Amino acid sequence: MAADLIARLLELKGQAPSIPFPGDERELDALRVKYLGKSGIIPLLSREMAGLPKEQKPEAGKLLQEVRAAVETIINNATHKLKVEKIQKDIDGEFFDITLPGAEPSFGARHPLTAVMDEIAGIFTGMGFQIEEGPEVESDYYNFEALNFPPDHPARDMQDTFHLPDVKRLLRTHTSPVQPRAMERYGPPLSVLAPGKVYRCDSDVTHSPVFHQVEGFTIDRKVTMGDLKGTLQTFIHRLYGPKTNVRLRPSFFPFVEPGAELDVSCIICGGKGCRVCKNTGWLEVLGAGMIHPNVLKSGNIDPDTWSGFAFGMGIERLAMLKYGVDDIRLFYENDMRFLRQF
Ligand code: PHE
């Protein structure tokens with residue numbers, strides 16, 4: 001029995017070189033099952049080996065390993081050869097038409113609000129303003145108190161302001177809180193431009209609950225209303241062209257005194273009167289004024305030595321006028337047909 005097993009192993013080893021090389025997947029599988037499968041030749045012999053006398057085991061074990069290695073070599077070579085043949089066949093069957101037009105890449109572009117924002121920032125940095133940003137989640141102190149809002153001022157009303165559950169926190173309703181923040185941080189003299197998102201409970205074709213503003217202000221010795229007007233006029237001429245007329249109208253904001261609103265001659269009709277300017281020939285574009293002494297004091301600046309002007313404007317409104325867009329929501333829907341036009 002033992003001698004028989006060794007004889008059979010020797011015979012198998014002798015036959016190994018003449019095992020036919022598998023020509024396809026099916027033959028390869030058959031070979032694998034025949035020799036290595038659960039009841040294949042090699043596992044069977046391996047089980048038989050358990051009954052061999054101890055001294056014959058090494059020889060039988062060695063023979064079995066040689067047979068296994070020979071079979072595995074054939075299987076590995078065949079697997080590799082079939083794989084290479086398949087790849088070649090796929091390549092041969094492929095047709096590459098170099099006359100087909102390529103897929104045109106679609107390029108992104110700056111969002112119109114970003115473009116207007118960048119243009120405004122470029123104009124003011126050219127006049128020496130530094131860019132500052134403040135937090136969108138703001139304290140009641142910076143959004144209202146430091147800006148001279150009396151405790152019962154209507155702008156603090158729940159209708160306008162998004163209050164956070166923490167009573168002292170809110171979403172800033174304007175970029176003006178950057179004024180006292182920058183004053184505290186840098187001290188005078190100072191020229192700051194503060195762009196950013198602001199939030200108000202308001203929503204229709206010209207109002208969005210989140211929109212963008214730019215705040216600007218200059219503090220120095222002897223800054224006057226004339227400096228304010230000159231700065232804004234230069235800005236408007238750069239943005240809308242030198243033919244645009246500007247005028248300041250008295251207005252009120254708690255953080256400026258005197259306060260004003262800046263109108264520009266209607267850029268749609270040139271001042272003749274149209275639907276956009278409601279036949280007045282003028283468009284209101286921003287709020288401005290001389291920084292209130294109380295605000296300077298909140299920013300640790302002595303109002304007897306220093307004075308300043310400030311202005312704030314809505315970017316969406318400027319962009320709507322510049323591009324003739326009549327629905328603010330178009331800026332936020334990211335419809336490619338809209339965005340591609342800029
Ligand atoms: N913060 C004001 C607003 O949101 C605009 C403004 C800024 C007015 C600075 C005057 C001075 O309407």
# chains A, B, ... in the order shown; residues from 1 in each chain; ligands from 1
>>> residues_near_ligand(ligand="ligand 1", cutoff="7 Å", atoms="only C-alpha atoms and all ligand atoms", output="ChimeraX atom specification")
/A:173-176,215,253,255-256,259,286-289,310-313
>>> write_last_selection(atoms="N, CA, C and O atoms", output="PDB file, in the first residue's frame")
ATOM      1  N   THR A 173     -27.538  92.132  10.693  1.00  0.00           N
ATOM      2  CA  THR A 173     -28.524  92.666   9.755  1.00  0.00           C
ATOM      3  C   THR A 173     -27.878  93.628   8.770  1.00  0.00           C
ATOM      4  O   THR A 173     -28.512  94.092   7.835  1.00  0.00           O
ATOM      5  N   HIS A 174     -26.616  93.970   9.005  1.00  0.00           N
ATOM      6  CA  HIS A 174     -25.859  94.840   8.098  1.00  0.00           C
ATOM      7  C   HIS A 174     -24.366  94.635   8.360  1.00  0.00           C
ATOM      8  O   HIS A 174     -23.985  93.932   9.303  1.00  0.00           O
ATOM      9  N   THR A 175     -23.514  95.230   7.509  1.00  0.00           N
ATOM     10  CA  THR A 175     -22.069  95.075   7.708  1.00  0.00           C
ATOM     11  C   THR A 175     -21.513  96.162   8.632  1.00  0.00           C
ATOM     12  O   THR A 175     -20.330  96.165   8.951  1.00  0.00           O
ATOM     13  N   SER A 176     -22.382  97.081   9.094  1.00  0.00           N
ATOM     14  CA  SER A 176     -21.907  98.169   9.959  1.00  0.00           C
ATOM     15  C   SER A 176     -21.193  97.715  11.241  1.00  0.00           C
ATOM     16  O   SER A 176     -20.309  98.430  11.719  1.00  0.00           O
ATOM     17  N   GLU A 215     -19.535  97.615   3.326  1.00  0.00           N
ATOM     18  CA  GLU A 215     -19.457  98.763   4.210  1.00  0.00           C
ATOM     19  C   GLU A 215     -18.132  99.441   3.906  1.00  0.00           C
ATOM     20  O   GLU A 215     -17.153  98.764   3.592  1.00  0.00           O
ATOM     21  N   PHE A 253     -29.810 107.351   9.883  1.00  0.00           N
ATOM     22  CA  PHE A 253     -29.350 106.071  10.437  1.00  0.00           C
ATOM     23  C   PHE A 253     -28.787 106.417  11.815  1.00  0.00           C
ATOM     24  O   PHE A 253     -28.091 107.427  11.948  1.00  0.00           O
ATOM     25  N   PHE A 255     -26.333 105.524  13.454  1.00  0.00           N
ATOM     26  CA  PHE A 255     -24.859 105.533  13.623  1.00  0.00           C
ATOM     27  C   PHE A 255     -24.154 106.607  12.814  1.00  0.00           C
ATOM     28  O   PHE A 255     -22.925 106.629  12.762  1.00  0.00           O
ATOM     29  N   VAL A 256     -24.926 107.480  12.145  1.00  0.00           N
ATOM     30  CA  VAL A 256     -24.301 108.605  11.439  1.00  0.00           C
ATOM     31  C   VAL A 256     -25.036 109.910  11.754  1.00  0.00           C
ATOM     32  O   VAL A 256     -26.229 109.901  12.041  1.00  0.00           O
ATOM     33  N   GLY A 259     -26.877 112.113   8.384  1.00  0.00           N
ATOM     34  CA  GLY A 259     -27.006 110.911   7.562  1.00  0.00           C
ATOM     35  C   GLY A 259     -27.536 111.266   6.192  1.00  0.00           C
ATOM     36  O   GLY A 259     -28.193 112.299   6.014  1.00  0.00           O
ATOM     37  N   LEU A 286     -27.248 103.797  -1.946  1.00  0.00           N
ATOM     38  CA  LEU A 286     -26.560 103.494  -0.681  1.00  0.00           C
ATOM     39  C   LEU A 286     -26.882 104.483   0.423  1.00  0.00           C
ATOM     40  O   LEU A 286     -27.384 105.575   0.181  1.00  0.00           O
ATOM     41  N   GLY A 287     -26.584 104.049   1.654  1.00  0.00           N
ATOM     42  CA  GLY A 287     -26.734 104.899   2.828  1.00  0.00           C
ATOM     43  C   GLY A 287     -25.359 105.350   3.265  1.00  0.00           C
ATOM     44  O   GLY A 287     -24.374 104.641   3.086  1.00  0.00           O
ATOM     45  N   ALA A 288     -25.280 106.556   3.831  1.00  0.00           N
ATOM     46  CA  ALA A 288     -23.965 107.091   4.197  1.00  0.00           C
ATOM     47  C   ALA A 288     -24.120 108.173   5.255  1.00  0.00           C
ATOM     48  O   ALA A 288     -25.234 108.503   5.682  1.00  0.00           O
ATOM     49  N   GLY A 289     -23.012 108.724   5.679  1.00  0.00           N
ATOM     50  CA  GLY A 289     -23.063 109.829   6.626  1.00  0.00           C
ATOM     51  C   GLY A 289     -21.755 109.978   7.372  1.00  0.00           C
ATOM     52  O   GLY A 289     -20.795 109.246   7.134  1.00  0.00           O
ATOM     53  N   ALA A 310     -18.919 107.173   6.729  1.00  0.00           N
ATOM     54  CA  ALA A 310     -19.198 105.753   6.502  1.00  0.00           C
ATOM     55  C   ALA A 310     -20.281 105.630   5.438  1.00  0.00           C
ATOM     56  O   ALA A 310     -21.090 106.542   5.254  1.00  0.00           O
ATOM     57  N   PHE A 311     -20.251 104.518   4.742  1.00  0.00           N
ATOM     58  CA  PHE A 311     -21.319 104.248   3.774  1.00  0.00           C
ATOM     59  C   PHE A 311     -21.539 102.744   3.715  1.00  0.00           C
ATOM     60  O   PHE A 311     -20.661 101.948   4.069  1.00  0.00           O
ATOM     61  N   GLY A 312     -22.744 102.350   3.293  1.00  0.00           N
ATOM     62  CA  GLY A 312     -23.042 100.926   3.174  1.00  0.00           C
ATOM     63  C   GLY A 312     -23.989 100.712   2.017  1.00  0.00           C
ATOM     64  O   GLY A 312     -24.888 101.516   1.779  1.00  0.00           O
ATOM     65  N   MET A 313     -23.754  99.633   1.273  1.00  0.00           N
ATOM     66  CA  MET A 313     -24.633  99.396   0.118  1.00  0.00           C
ATOM     67  C   MET A 313     -24.903  97.919  -0.095  1.00  0.00           C
ATOM     68  O   MET A 313     -24.132  97.056   0.344  1.00  0.00           O
TER      69      MET A 313
END
>>> residues_around(residues="Pro250 in chain A", least_positions_apart="4", cutoff="8 Å", atoms="only C-alpha atoms", output="JSON list (two decimals) with N, CA, C and O atoms, in the first residue's frame")
[["chain", "number", "residue", "atom", "x", "y", "z"],
["A", 258, "PRO", "N", -24.42, 114.09, 10.23],
["A", 258, "PRO", "CA", -25.68, 113.86, 9.52],
["A", 258, "PRO", "C", -25.66, 112.58, 8.71],
["A", 258, "PRO", "O", -24.61, 112.08, 8.37],
["A", 259, "GLY", "N", -26.88, 112.11, 8.38],
["A", 259, "GLY", "CA", -27.01, 110.91, 7.56],
["A", 259, "GLY", "C", -27.54, 111.27, 6.19],
["A", 259, "GLY", "O", -28.19, 112.30, 6.01],
["A", 260, "ALA", "N", -27.25, 110.43, 5.23],
["A", 260, "ALA", "CA", -27.68, 110.73, 3.86],
["A", 260, "ALA", "C", -27.93, 109.45, 3.08],
["A", 260, "ALA", "O", -27.49, 108.36, 3.48],
["A", 261, "GLU", "N", -28.64, 109.62, 1.97],
["A", 261, "GLU", "CA", -28.72, 108.53, 1.01],
["A", 261, "GLU", "C", -28.17, 109.04, -0.29],
["A", 261, "GLU", "O", -28.33, 110.22, -0.63]]
>>> select_by_dssp(residues="range 115-208 of chain A", states="alpha helix (DSSP H)", output="ChimeraX atom specification")
/A:115-126,140-143,178-186
>>> residues_around(residues="range 328-334 of chain A", least_positions_apart="6", cutoff="9 Å", atoms="only C-alpha atoms", output="VMD selection string")
chain A and resid 111 to 113 204 to 208 316 to 317 320
>>> write_last_selection(atoms="N, CA and C atoms", output="CSV table (one decimal), in the first residue's frame")
chain,number,residue,atom,x,y,z
A,111,HIS,N,-19.4,84.3,-10.5
A,111,HIS,CA,-20.8,84.6,-10.3
A,111,HIS,C,-21.0,86.1,-10.4
A,112,PRO,N,-22.1,86.6,-11.0
A,112,PRO,CA,-22.2,88.1,-11.1
A,112,PRO,C,-22.0,88.9,-9.8
A,113,LEU,N,-22.5,88.3,-8.7
A,113,LEU,CA,-22.3,89.0,-7.4
A,113,LEU,C,-20.9,89.1,-7.1
A,204,ASP,N,-39.0,88.8,-1.2
A,204,ASP,CA,-39.8,89.0,-2.3
A,204,ASP,C,-38.9,89.1,-3.5
A,205,VAL,N,-39.4,89.7,-4.7
A,205,VAL,CA,-38.6,89.7,-5.9
A,205,VAL,C,-37.4,90.6,-5.7
A,206,THR,N,-37.4,91.6,-4.8
A,206,THR,CA,-36.2,92.4,-4.6
A,206,THR,C,-35.5,92.3,-3.3
A,207,HIS,N,-36.1,91.4,-2.4
A,207,HIS,CA,-35.5,91.1,-1.1
A,207,HIS,C,-35.2,89.6,-0.9
A,208,SER,N,-34.1,89.3,-0.3
A,208,SER,CA,-33.7,87.9,0.0
A,208,SER,C,-33.4,87.9,1.5
A,316,GLU,N,-26.5,93.1,-4.2
A,316,GLU,CA,-27.5,92.6,-5.2
A,316,GLU,C,-28.2,93.8,-5.9
A,317,ARG,N,-28.5,94.8,-5.2
A,317,ARG,CA,-29.1,95.9,-5.9
A,317,ARG,C,-28.2,96.6,-6.9
A,320,MET,N,-28.1,94.2,-9.8
A,320,MET,CA,-29.4,94.2,-10.6
A,320,MET,C,-29.5,95.3,-11.5
>>> closest_residue(among="A:Lys222, A:Lys322, A:Lys57, A:Arg249", to="Trp306 in chain A", atoms="only C-alpha atoms")
A:Lys222
>>> closest_residue(among="A:Glu119, A:Glu257, A:Asp220, A:Glu132", to="Leu318 in chain A", atoms="only C-alpha atoms")
A:Glu119
>>> residues_around(residues="Thr79 in chain A", least_positions_apart="3", cutoff="12 Å", atoms="only C-alpha atoms", output="ChimeraX atom specification")
/A:21-29,31-32,72-76,82-86
>>> write_last_selection(atoms="N, CA and C atoms", output="mmCIF file, in the first residue's frame")
data_model
loop_
_atom_site.group_PDB
_atom_site.id
_atom_site.type_symbol
_atom_site.label_atom_id
_atom_site.label_comp_id
_atom_site.auth_asym_id
_atom_site.auth_seq_id
_atom_site.Cartn_x
_atom_site.Cartn_y
_atom_site.Cartn_z
ATOM 1 N N PHE A 21 -1.660 21.603 -22.299
ATOM 2 C CA PHE A 21 -1.797 23.001 -21.882
ATOM 3 C C PHE A 21 -3.207 23.488 -22.194
ATOM 4 N N PRO A 22 -3.956 24.014 -21.195
ATOM 5 C CA PRO A 22 -5.353 24.430 -21.445
ATOM 6 C C PRO A 22 -5.422 25.541 -22.500
ATOM 7 N N GLY A 23 -6.356 25.388 -23.423
ATOM 8 C CA GLY A 23 -6.467 26.355 -24.527
ATOM 9 C C GLY A 23 -7.537 27.404 -24.274
ATOM 10 N N ASP A 24 -8.434 27.146 -23.310
ATOM 11 C CA ASP A 24 -9.444 28.168 -22.996
ATOM 12 C C ASP A 24 -9.843 28.055 -21.526
ATOM 13 N N GLU A 25 -10.748 28.951 -21.114
ATOM 14 C CA GLU A 25 -11.166 29.006 -19.709
ATOM 15 C C GLU A 25 -11.744 27.670 -19.221
ATOM 16 N N ARG A 26 -12.495 27.019 -20.110
ATOM 17 C CA ARG A 26 -13.168 25.778 -19.713
ATOM 18 C C ARG A 26 -12.145 24.682 -19.402
ATOM 19 N N GLU A 27 -11.178 24.564 -20.297
ATOM 20 C CA GLU A 27 -10.132 23.548 -20.091
ATOM 21 C C GLU A 27 -9.306 23.869 -18.840
ATOM 22 N N LEU A 28 -9.084 25.143 -18.639
ATOM 23 C CA LEU A 28 -8.312 25.561 -17.466
ATOM 24 C C LEU A 28 -9.033 25.159 -16.177
ATOM 25 N N ASP A 29 -10.363 25.401 -16.165
ATOM 26 C CA ASP A 29 -11.175 25.040 -15.002
ATOM 27 C C ASP A 29 -11.159 23.536 -14.769
ATOM 28 N N LEU A 31 -8.909 21.392 -15.585
ATOM 29 C CA LEU A 31 -7.606 20.989 -15.063
ATOM 30 C C LEU A 31 -7.496 21.280 -13.563
ATOM 31 N N ARG A 32 -7.988 22.460 -13.205
ATOM 32 C CA ARG A 32 -7.909 22.874 -11.805
ATOM 33 C C ARG A 32 -8.726 21.910 -10.933
ATOM 34 N N GLU A 72 0.519 23.557 -10.666
ATOM 35 C CA GLU A 72 0.251 24.984 -10.427
ATOM 36 C C GLU A 72 0.950 25.863 -11.457
ATOM 37 N N THR A 73 2.151 25.460 -11.853
ATOM 38 C CA THR A 73 2.854 26.242 -12.874
ATOM 39 C C THR A 73 2.046 26.291 -14.172
ATOM 40 N N ILE A 74 1.537 25.105 -14.560
ATOM 41 C CA ILE A 74 0.725 25.078 -15.787
ATOM 42 C C ILE A 74 -0.497 25.997 -15.641
ATOM 43 N N ILE A 75 -1.178 25.888 -14.484
ATOM 44 C CA ILE A 75 -2.389 26.700 -14.276
ATOM 45 C C ILE A 75 -2.052 28.193 -14.308
ATOM 46 N N ASN A 76 -0.987 28.596 -13.619
ATOM 47 C CA ASN A 76 -0.614 30.016 -13.608
ATOM 48 C C ASN A 76 -0.263 30.519 -15.002
ATOM 49 N N LEU A 82 -4.209 33.338 -21.125
ATOM 50 C CA LEU A 82 -5.594 33.614 -21.523
ATOM 51 C C LEU A 82 -5.944 35.080 -21.285
ATOM 52 N N LYS A 83 -5.418 35.649 -20.208
ATOM 53 C CA LYS A 83 -5.699 37.047 -19.896
ATOM 54 C C LYS A 83 -5.105 37.957 -20.979
ATOM 55 N N VAL A 84 -3.848 37.698 -21.335
ATOM 56 C CA VAL A 84 -3.189 38.514 -22.366
ATOM 57 C C VAL A 84 -3.936 38.392 -23.695
ATOM 58 N N GLU A 85 -4.353 37.150 -24.019
ATOM 59 C CA GLU A 85 -5.090 36.938 -25.281
ATOM 60 C C GLU A 85 -6.391 37.728 -25.280
ATOM 61 N N LYS A 86 -7.053 37.763 -24.110
ATOM 62 C CA LYS A 86 -8.343 38.464 -24.044
ATOM 63 C C LYS A 86 -8.143 39.970 -24.262
#
